[in-house]
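Visitor: A single structure is presented below for examination.
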Amino acid sequence: MAITDPLRLSASSTSRPATILGSIPGARLVPGLLLCGAVTLAALGLEQLEAGLFGHAWLEALVLAILVGALVRTLWSPSQRWTPGIAFSAKTLLEIAVVLLGASVSVGAIVAAGPLLLVGIAAVVVIAIAASYGMGRLLGLPHRMAVLVACGNSICGNSAIAAVAPVIGADGKEVAASIAFTAVLGVLVVLGLPFLPALMQISEVQYGVLAGLTVYAVPQVLAATAPIGAIALQLGTLVKLVRVLMLGPMILVLTLVTRRRNEDAAARGRMPWHKLVPWFIDGFLLLAVLRSFGLLPEMVLAPAATAATWLTVLSMAALGVSTDLLSVAKAGGRVTAAVTLSLLVLGAISFGLIRLLGIV
């Protein structure tokens, strides 16, 4: 009769649940997803606490998720067990969030702004991106980091950086550094901008347009314009929303440029469309078209926006957990200089548009 080794039997029995769990589709993602979810909840809680204490959330949950995640990564290095879920959160969930953002885009908002202002806003965004990218490269930033800073400053800050990152293949370190330094400067802009009307003798209308063209996020536009007056708030919000709509076309352009930059077949124009454009860009454009033609039920718009926000924050938490703060700090000086100069250029271009259109 064969005698079974009790130690071998014990080891076999204890490893069986792990084997069974590993055989369940998607089970390997669970540890990393739970970790990123915990960081996300912490970031959302901190945002609420911040708003309760100061009246405004100067640092959004998206930024806080990166900071909290990076702090976790500094204190504890996740093992291989956590990697699949973290990677899935940082890439796939972010791509899904970009798709859902399409439901918030409507051609009606563009039409409402008027043709001259619309063309002006588009010109400001394009010129600012080109100038910011050029300055970033001159300061020694890598190509992808320069693109992230340029799009973040010129379109809608953190959201633009998060949306552009998967298109250009930016890694977690580049995204974290771009968002961290852009976010800090964004808060300083919101705090300092309301002093401009008195210092430069500009009207409430001019200030509203300027704020809409320069401030990063929609909530920050509200915070920057509300102290000046209702007209500034309304104009600032409208201009900002139209500026945000530039994200879709810019992502599409970056997709085409990136593919042609990296692949010879694309450069010769022989790559099929479904390979040239990532699936999430197709999804974004589809939802934008459906929304513009009123084919999306109103009841799905708010849940889609909420889901996009949660998934983006979750993705940023994953990037934070994957980020080494020391490596981010090394890029600090150049990124700060690039972000600051980019913002100054954006402000100068915005003033030029106000003068050109004769806004008083």
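Going through the structure tokens in order, the chains are called A, B, and so on, while each chain numbers its residues from 1 and the ligands are numbered from 1 in the order shown.
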Any idea what's packed within 9 Å of Gly134 of chain A, counting only C-alpha atoms, ignoring anything in its chain fewer than 5 positions away? Could you give it as a VMD selection string?

Guide: chain A and resid 129 139 146 150

Visitor: For segment 164-180 of chain A, find every residue with an atom within 7 Å (counting only C-alpha atoms), except residues of its own chain fewer than 5 positions away, and show them as number ranges by chain.

Guide: A: 63, 66, 91, 144-145, 148-149, 158, 251, 255, 258, 319-320, 322-323, 328

Visitor: Please dump the current selection as a JSON list (two decimals), in the first residue's frame; keep N, CA and C atoms.

Guide:
[["chain", "number", "residue", "atom", "x", "y", "z"],
["A", 63, "VAL", "N", -6.41, 63.90, -9.89],
["A", 63, "VAL", "CA", -5.05, 64.21, -9.46],
["A", 63, "VAL", "C", -4.74, 63.51, -8.14],
["A", 66, "ILE", "N", -3.73, 59.88, -8.44],
["A", 66, "ILE", "CA", -2.32, 59.67, -8.80],
["A", 66, "ILE", "C", -1.43, 59.85, -7.57],
["A", 91, "LYS", "N", -4.95, 50.81, -18.64],
["A", 91, "LYS", "CA", -5.09, 50.86, -20.10],
["A", 91, "LYS", "C", -6.53, 50.65, -20.56],
["A", 144, "ARG", "N", 6.65, 62.17, -26.34],
["A", 144, "ARG", "CA", 5.34, 61.88, -25.74],
["A", 144, "ARG", "C", 5.03, 62.81, -24.58],
["A", 145, "MET", "N", 6.03, 63.12, -23.78],
["A", 145, "MET", "CA", 5.81, 64.05, -22.67],
["A", 145, "MET", "C", 5.46, 65.44, -23.19],
["A", 148, "LEU", "N", 1.84, 65.43, -24.28],
["A", 148, "LEU", "CA", 0.92, 65.44, -23.13],
["A", 148, "LEU", "C", 0.81, 66.83, -22.52],
["A", 149, "VAL", "N", 1.92, 67.49, -22.32],
["A", 149, "VAL", "CA", 1.91, 68.83, -21.75],
["A", 149, "VAL", "C", 1.19, 69.80, -22.68],
["A", 158, "ASN", "N", -6.04, 67.83, -17.11],
["A", 158, "ASN", "CA", -5.86, 66.42, -16.77],
["A", 158, "ASN", "C", -6.66, 65.48, -17.68],
["A", 251, "ILE", "N", -7.61, 64.13, -30.80],
["A", 251, "ILE", "CA", -7.26, 62.72, -30.60],
["A", 251, "ILE", "C", -7.19, 62.00, -31.94],
["A", 255, "THR", "N", -3.89, 60.30, -33.47],
["A", 255, "THR", "CA", -3.90, 58.88, -33.84],
["A", 255, "THR", "C", -3.28, 58.67, -35.20],
["A", 258, "THR", "N", 0.52, 59.61, -35.06],
["A", 258, "THR", "CA", 1.30, 58.62, -34.32],
["A", 258, "THR", "C", 1.51, 57.35, -35.11],
["A", 319, "LEU", "N", -2.22, 54.25, -12.56],
["A", 319, "LEU", "CA", -0.97, 54.89, -12.98],
["A", 319, "LEU", "C", -0.16, 55.33, -11.77],
["A", 320, "GLY", "N", -0.85, 55.84, -10.75],
["A", 320, "GLY", "CA", -0.16, 56.26, -9.53],
["A", 320, "GLY", "C", 0.53, 55.09, -8.85],
["A", 322, "SER", "N", 1.62, 52.56, -10.20],
["A", 322, "SER", "CA", 2.71, 52.10, -11.06],
["A", 322, "SER", "C", 3.86, 53.09, -11.13],
["A", 323, "THR", "N", 3.74, 54.22, -10.45],
["A", 323, "THR", "CA", 4.68, 55.32, -10.63],
["A", 323, "THR", "C", 5.67, 55.43, -9.48],
["A", 328, "VAL", "N", 9.66, 60.56, -11.27],
["A", 328, "VAL", "CA", 8.85, 61.72, -11.65],
["A", 328, "VAL", "C", 9.55, 63.01, -11.24]]

Visitor: Show me, as a list in words, the residues that have an atom within 6 Å of segment 116-128 of chain A when counting only C-alpha atoms, minus same-chain residues fewer than 3 positions from it.

Guide: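 Residues meeting the cut-off are Ala131, Ser132, Ser154 and Leu346 of chain A.
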
Visitor: One decimal, in Å: what's the spacing between atom CA of Val253 of chain A and atom CA of Ser342 of chain A?

Guide: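 Atom CA of Val253 of chain A sits 20.4 Å away from atom CA of Ser342 of chain A.
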
Visitor: Quick one: distance from atom CA of Gly212 of chain A to atom CA of Ala61 of chain A in Å, one decimal?

Guide: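 Interatomic distance, atom CA of Gly212 of chain A to atom CA of Ala61 of chain A: 21.4 Å.
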
Visitor: Compile the contact shell of Ala337 of chain A as a list in words: residues with an atom at most 12 Å away, counting only C-alpha atoms, same-chain residues fewer than 6 positions apart removed.

Guide: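 After dropping sequence-adjacent residues, the list is Ser132, Met135, Gly136, Arg137, Leu138, Leu139, Gly140, Leu141, Ala146, Val149, Ser178, Phe181, Thr182, Leu185, Ala331, Leu343 and Leu344 of chain A.
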
Visitor: Can you work out which one of A:Leu35, A:Ala230, A:Leu67, A:Val205 has the shortest atom-to-atom distance to Ile359 of chain A, counting only C-alpha atoms?

Guide: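 Closest candidate: A:Val205.
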
Visitor: Considering only C-alpha atoms, give me a table of residues in segment 15-112 of chain A that are at most 10 Å from segment 221-227 of chain A, with the closest atom pair and distance in Å for each, as a Markdown table.

Guide:
| residue | atom | partner | partner_atom | distance |
| --- | --- | --- | --- | --- |
| A:Gly55 | CA | A:Ala223 | CA | 9.7 |
| A:His56 | CA | A:Ala223 | CA | 7.5 |
| A:Ala57 | CA | A:Ala223 | CA | 9.6 |
| A:Trp58 | CA | A:Ala223 | CA | 9.2 |

Visitor: For a quick check of understanding, using only C-alpha atoms, which of A:Thr214, A:Ser292, A:Gln206, A:Thr312 has the smallest distance to Ile349 of chain A?

Guide: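 Using only C-alpha atoms, the shortest distance to Ile349 of chain A belongs to A:Thr214.
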
Visitor: For Ala87 of chain A, which of A:Pro249, A:Thr309, A:Leu49, A:Met316 is the closest residue, counting only C-alpha atoms?

Guide: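 Answer, going by the shortest atom-to-atom distance: A:Met316.
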
Visitor: Find the residues near Thr92 of chain A: any atom within 10 Å, counting only C-alpha atoms, skip ones fewer than 4 places away on the same chain, and give them as a PyMOL selection string.

Guide: chain A and resi 87-88+96-98+166+280+311+315

Visitor: Once DSSP has gone over the backbone, tell me which residues of segment 156-272 of chain A are in alpha helix (DSSP H), as a PyMOL selection string.

Guide: chain A and resi 158-168+172-192+196-200+204-214+218-225+230-245+247-262+264-267

Visitor: Quick one: distance from atom CA of Leu235 of chain A to atom CA of Gly102 of chain A in Å, one decimal?

Guide: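 Taking atom CA of Leu235 of chain A and atom CA of Gly102 of chain A, their separation equals 23.0 Å.
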
Visitor: Compare A:Leu62, A:Ala51, A:Arg73, A:Leu93 by their minimum atom-to-atom distance to Ala307 of chain A, counting only C-alpha atoms, and give me the closest one.

Guide: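 So, comparing all the options, the nearest one is A:Leu93.
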
Visitor: Hey, which of A:Val209, A:Leu199, A:Ala42, A:Leu256 ends up closest to Arg243 of chain A? Count only C-alpha atoms.

Guide: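 Comparing A:Val209, A:Leu199, A:Ala42, A:Leu256 against Arg243 of chain A, the winner is A:Val209.
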